[in-house]
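Listing of protein34.txt, compact mmCIF, C-alpha atoms
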```
# COMPACT_ATOMS: atom_id res chain seq x y z
CA MET A 529 18.87 -29.46 19.29
CA PHE A 530 19.25 -32.88 17.76
CA ASP A 531 20.91 -33.48 14.42
CA PRO A 532 18.49 -35.08 11.98
CA VAL A 533 19.02 -38.80 11.59
CA PRO A 534 20.29 -39.57 8.09
CA PRO A 535 18.15 -42.05 6.14
CA PHE A 536 19.15 -45.68 6.55
CA LEU A 537 20.92 -47.17 3.56
CA ALA A 538 21.57 -50.88 3.34
CA SER A 539 25.14 -52.12 3.25
CA GLU A 540 24.40 -54.37 0.27
CA PHE A 541 21.86 -54.92 -2.44
CA ARG A 542 20.78 -58.04 -4.34
CA VAL A 543 20.15 -57.60 -8.06
CA LYS A 544 18.15 -60.45 -9.56
CA PHE A 545 15.16 -61.50 -11.62
CA ALA A 546 11.91 -60.49 -9.94
CA THR A 547 10.61 -63.86 -8.74
CA SER A 548 7.78 -62.87 -6.44
CA ARG A 549 4.61 -60.86 -6.86
CA TRP A 550 5.65 -58.18 -4.36
CA GLU A 551 8.94 -57.64 -6.23
CA ARG A 552 7.09 -57.16 -9.54
CA GLU A 553 4.53 -54.82 -7.94
CA LYS A 554 7.22 -52.70 -6.24
CA ALA A 555 9.27 -52.60 -9.47
CA HIS A 556 6.28 -51.25 -11.35
CA ALA A 557 5.55 -48.71 -8.60
CA LEU A 558 9.17 -47.51 -8.79
CA ARG A 559 8.97 -47.18 -12.59
CA ARG A 560 5.72 -45.23 -12.30
CA ASN A 561 7.28 -42.92 -9.70
CA VAL A 562 10.38 -42.25 -11.83
CA PHE A 563 8.91 -42.07 -15.34
CA CYS A 564 5.50 -40.57 -14.55
CA GLY A 565 6.11 -38.65 -11.33
CA GLU A 566 9.71 -37.39 -11.54
CA GLN A 567 10.23 -37.17 -15.29
CA GLY A 568 6.68 -36.64 -16.52
CA LEU A 569 7.28 -38.89 -19.54
CA PHE A 570 3.94 -40.67 -19.24
CA GLY A 571 0.53 -39.73 -17.88
CA GLY A 572 -0.64 -41.97 -15.05
CA ASP A 573 1.24 -45.15 -15.96
CA ASP A 574 4.23 -46.29 -17.99
CA ARG A 575 3.03 -49.83 -18.68
CA ASP A 576 2.95 -50.93 -22.30
CA ALA A 577 2.53 -54.12 -24.34
CA VAL A 578 6.17 -55.13 -23.66
CA ASP A 579 5.24 -55.66 -19.99
CA ASP A 580 3.10 -58.63 -21.07
CA TYR A 581 6.21 -60.67 -21.89
CA ALA A 582 9.24 -58.81 -20.53
CA ILE A 583 11.32 -60.20 -17.67
CA PRO A 584 11.58 -57.71 -14.79
CA LEU A 585 14.81 -57.44 -12.80
CA VAL A 586 15.04 -55.78 -9.40
CA ALA A 587 17.64 -54.33 -7.06
CA LEU A 588 16.64 -55.20 -3.51
CA SER A 589 17.78 -53.36 -0.40
CA MET A 590 18.92 -56.07 2.02
CA LEU A 591 18.52 -56.07 5.79
CA GLY A 592 20.82 -58.92 6.70
CA VAL A 593 19.52 -61.85 4.66
CA ALA A 594 16.02 -60.41 4.18
CA ALA A 595 14.97 -58.21 1.29
CA ASP A 596 13.55 -54.89 2.49
CA THR A 597 12.31 -53.14 -0.65
CA VAL A 598 12.87 -52.64 -4.38
CA VAL A 599 15.27 -49.75 -5.01
CA GLY A 600 15.98 -50.35 -8.69
CA THR A 601 14.54 -52.12 -11.71
CA VAL A 602 14.92 -52.79 -15.43
CA ARG A 603 13.12 -55.10 -17.82
CA ILE A 604 14.45 -57.23 -20.67
CA HIS A 605 12.76 -58.94 -23.58
CA GLU A 606 13.61 -60.80 -26.75
CA GLU A 607 12.28 -58.83 -29.72
CA GLU A 608 13.25 -61.46 -32.29
CA PRO A 609 15.44 -64.58 -32.05
CA GLY A 610 18.80 -63.52 -30.62
CA VAL A 611 17.92 -59.80 -30.39
CA TRP A 612 17.22 -58.61 -26.85
CA TRP A 613 16.27 -55.19 -25.50
CA GLY A 614 16.58 -53.60 -22.09
CA SER A 615 14.20 -50.84 -21.05
CA ARG A 616 12.69 -48.87 -18.18
CA LEU A 617 15.90 -48.73 -16.10
CA ALA A 618 14.98 -46.91 -12.88
CA VAL A 619 16.70 -46.40 -9.53
CA ASP A 620 14.99 -44.88 -6.51
CA GLN A 621 16.03 -41.25 -6.06
CA GLU A 622 17.35 -41.83 -2.52
CA HIS A 623 19.58 -44.66 -3.78
CA ARG A 624 21.08 -43.10 -6.92
CA ARG A 625 24.12 -41.83 -5.04
CA ILE A 626 25.11 -45.43 -4.27
CA GLY A 627 26.47 -45.68 -7.79
CA ALA A 628 26.52 -49.45 -8.22
CA LEU A 629 22.81 -50.15 -8.64
CA GLY A 630 22.23 -49.00 -12.22
CA ALA A 631 25.46 -50.60 -13.43
CA THR A 632 24.66 -53.90 -11.70
CA LEU A 633 21.12 -53.94 -13.12
CA ILE A 634 22.60 -53.37 -16.60
CA ARG A 635 25.21 -56.09 -16.06
CA LEU A 636 22.63 -58.68 -15.00
CA ALA A 637 20.24 -57.67 -17.78
CA VAL A 638 22.84 -58.24 -20.50
CA SER A 639 24.52 -61.27 -18.88
CA SER A 640 21.25 -63.12 -18.30
CA ALA A 641 20.05 -62.42 -21.85
CA HIS A 642 23.46 -63.61 -23.07
CA ALA A 643 22.86 -66.89 -21.25
CA MET A 644 19.48 -67.20 -23.00
CA GLY A 645 20.94 -66.94 -26.51
CA CYS A 646 21.29 -63.19 -26.99
CA ARG A 647 23.49 -62.24 -29.95
CA THR A 648 22.59 -58.51 -29.89
CA PHE A 649 21.52 -56.49 -26.86
CA LEU A 650 20.07 -53.01 -27.43
CA ALA A 651 18.53 -50.18 -25.43
CA HIS A 652 17.11 -46.71 -25.99
CA VAL A 653 19.07 -44.73 -23.40
CA GLN A 654 18.16 -41.26 -22.18
CA ALA A 655 20.92 -38.89 -23.33
CA GLN A 656 21.99 -37.99 -19.78
CA ASN A 657 22.82 -41.68 -19.16
CA GLU A 658 24.90 -42.24 -22.29
CA LEU A 659 28.24 -41.86 -20.46
CA LEU A 660 27.31 -44.53 -17.91
CA PHE A 661 26.51 -46.98 -20.69
CA ARG A 662 29.67 -46.11 -22.63
CA ARG A 663 31.71 -46.83 -19.48
CA LEU A 664 29.98 -50.23 -19.37
CA ARG A 665 31.14 -51.00 -22.94
CA TRP A 666 28.11 -49.94 -24.92
CA THR A 667 28.31 -48.30 -28.36
CA SER A 668 26.11 -45.40 -29.47
CA LEU A 669 24.28 -46.13 -32.73
CA GLU A 670 21.87 -43.24 -33.36
CA THR A 671 20.20 -40.29 -31.63
CA PHE A 672 16.47 -39.45 -31.71
CA ASP A 673 13.62 -38.23 -29.48
CA ILE A 674 11.20 -40.38 -27.50
CA HIS A 675 8.37 -38.59 -25.70
CA GLY A 676 10.10 -35.28 -26.48
CA ARG A 677 13.38 -36.27 -24.81
CA PRO A 678 16.72 -37.05 -26.49
CA HIS A 679 17.61 -40.75 -26.48
CA ILE A 680 20.44 -42.78 -27.95
CA LYS A 681 20.03 -46.25 -29.39
CA MET A 682 22.93 -48.20 -27.89
CA GLN A 683 24.34 -51.71 -28.19
CA ALA A 684 26.16 -53.70 -25.51
CA ASP A 685 29.53 -55.34 -26.19
CA LEU A 686 28.55 -58.92 -25.33
CA SER A 687 32.20 -59.96 -24.90
CA TYR A 688 32.22 -57.79 -21.75
CA TYR A 689 29.17 -59.61 -20.29
CA PRO A 690 29.74 -63.31 -19.65
CA PRO A 691 26.53 -65.37 -19.55
CA CYS A 692 24.80 -65.53 -16.17
CA PHE A 693 22.94 -68.82 -15.80
CA SER A 694 21.52 -68.08 -12.33
CA PRO A 695 19.69 -64.74 -12.67
CA GLU A 696 17.16 -65.74 -10.00
CA LEU A 697 20.08 -65.46 -7.54
CA GLY A 698 21.71 -62.59 -9.41
CA PHE A 699 24.54 -60.40 -8.19
CA VAL A 700 25.40 -58.44 -5.06
CA ALA A 701 25.90 -54.69 -5.45
CA LEU A 702 27.88 -52.89 -2.77
CA PRO A 703 27.65 -49.13 -2.23
CA LYS A 704 30.67 -47.07 -3.23
CA LYS A 705 32.85 -46.13 -0.28
CA ALA A 706 32.58 -42.51 0.80
CA ALA A 707 35.54 -40.44 -0.39
```
Whole structure given in structure tokens:
Amino acid sequence: MFDPVPPFLASEFRVKFATSRWEREKAHALRRNVFCGEQGLFGGDDRDAVDDYAIPLVALSMLGVAADTVVGTVRIHEEEPGVWWGSRLAVDQEHRRIGALGATLIRLAVSSAHAMGCRTFLAHVQAQNELLFRRLRWTSLETFDIHGRPHIKMQADLSYYPPCFSPELGFVALPKKAA
């Protein structure tokens, strides 16, 4: 008998603006899988009018210096001058245990918006993710339901997120060390 081979997980991940077509397509496929397939929040697709002007960010699994696939995504957009929103944060189920991907996507989302003149950064966060955002210096503003699920409107503490002027390069996210 052979022991099953554990799935390969990259030793590092690049979190950046989606700059190529394949990155945008894979980001949308991941969102559809998470929000439509896993969570059943939407019918066949989660796209909406915000996708027409939002900036997608991706977490890429890296094989050496080459990107392998999109394992996380979020989108940001400016709703009105100085007021930015983050939405559709999704991490591939097999990569959620890494721990750094969601936090790094959030960090780049807020820091890049900060560099583009953001004075207020907001998000509607699913209730089960509130603690993660609070640990990343977000404040809870109000609670309500979206698509029948509890959400919290939250605001980022911009003083914790210095402006990032090179979001096309982004940040490196390293997996947490096994305990």
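Interatomic distance, CA of Pro690 in chain A to CA of Ala641 in chain A: 10.0 Å.
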If I put a ball of radius 6 Å at (26.5, -60.0, -24.1) in the file's coordinates, which residues poke into it when counting all atoms listed in the file, written as a compact mmCIF listing (two decimals) with C-alpha atoms, in the frame of the given file?
```txt
# COMPACT_ATOMS: atom_id res chain seq x y z
CA VAL A 638 22.84 -58.24 -20.50
CA SER A 639 24.52 -61.27 -18.88
CA HIS A 642 23.46 -63.61 -23.07
CA ASP A 685 29.53 -55.34 -26.19
CA LEU A 686 28.55 -58.92 -25.33
CA SER A 687 32.20 -59.96 -24.90
CA TYR A 689 29.17 -59.61 -20.29
```
10 Å contact set for Gly572 in chain A, all atoms listed in the file, chain neighbours under 3 positions out, as a count of residues only: 8
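Distance-wise, CA of Leu629 in chain A and CA of Ser589 in chain A end up 10.2 Å apart.
Using only C-alpha atoms, the shortest contact distance between Thr597 in chain A and any of A:Arg647, A:Lys554, A:Lys681, A:Arg549 is found at A:Lys554.
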statement: Nearest to Cys646 in chain A, restricted to all atoms listed in the file and choosing among A:Pro691, A:Gly627, A:Gly676, A:Gly610, comes out as A:Gly610
Scan for residues within 12 Å of the point (8.6, -59.6, 1.1) in the coordinates of the file, using only C-alpha atoms, and reply as a compact mmCIF listing (two decimals) with C-alpha atoms, in the coordinates of the input.
```txt
# COMPACT_ATOMS: atom_id res chain seq x y z
CA ALA A 546 11.91 -60.49 -9.94
CA THR A 547 10.61 -63.86 -8.74
CA SER A 548 7.78 -62.87 -6.44
CA ARG A 549 4.61 -60.86 -6.86
CA TRP A 550 5.65 -58.18 -4.36
CA GLU A 551 8.94 -57.64 -6.23
CA ARG A 552 7.09 -57.16 -9.54
CA GLU A 553 4.53 -54.82 -7.94
CA LYS A 554 7.22 -52.70 -6.24
CA LEU A 588 16.64 -55.20 -3.51
CA SER A 589 17.78 -53.36 -0.40
CA MET A 590 18.92 -56.07 2.02
CA LEU A 591 18.52 -56.07 5.79
CA VAL A 593 19.52 -61.85 4.66
CA ALA A 594 16.02 -60.41 4.18
CA ALA A 595 14.97 -58.21 1.29
CA ASP A 596 13.55 -54.89 2.49
CA THR A 597 12.31 -53.14 -0.65
CA VAL A 598 12.87 -52.64 -4.38
```
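Minimum atom-to-atom distance to Phe649 in chain A, evaluated using only C-alpha atoms, belongs to A:Gln683 out of A:Thr632, A:Gln621, A:Thr671, A:Gln683.
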- request: For Arg559 in chain A, list every protein, DNA or RNA residue within 7 Å, evaluated using only C-alpha atoms, and leave out those in the same chain fewer than 4 positions away; present the list as JSON, numbers by chain.
  value: {"A": [555, 563, 616, 618]}
- prompt: Any idea what's packed within 6 Å of Val599 in chain A, counting all atoms listed in the file, ignoring anything in its chain fewer than 2 positions away? Could you give it as a ChimeraX atom specification?
  reply: /A:587-588,619-620
query: Contacts of Leu664 in chain A at 8 Å or less, counting all atoms listed in the file, minus same-chain residues fewer than 3 places along, as a count of residues only?
result: 3
task: Select, from A:Gly600, A:Pro703, A:Gly645, A:Gly592, the residue with the minimum atom-to-atom distance to Val543 in chain A, counting only C-alpha atoms.
output: A:Gly600
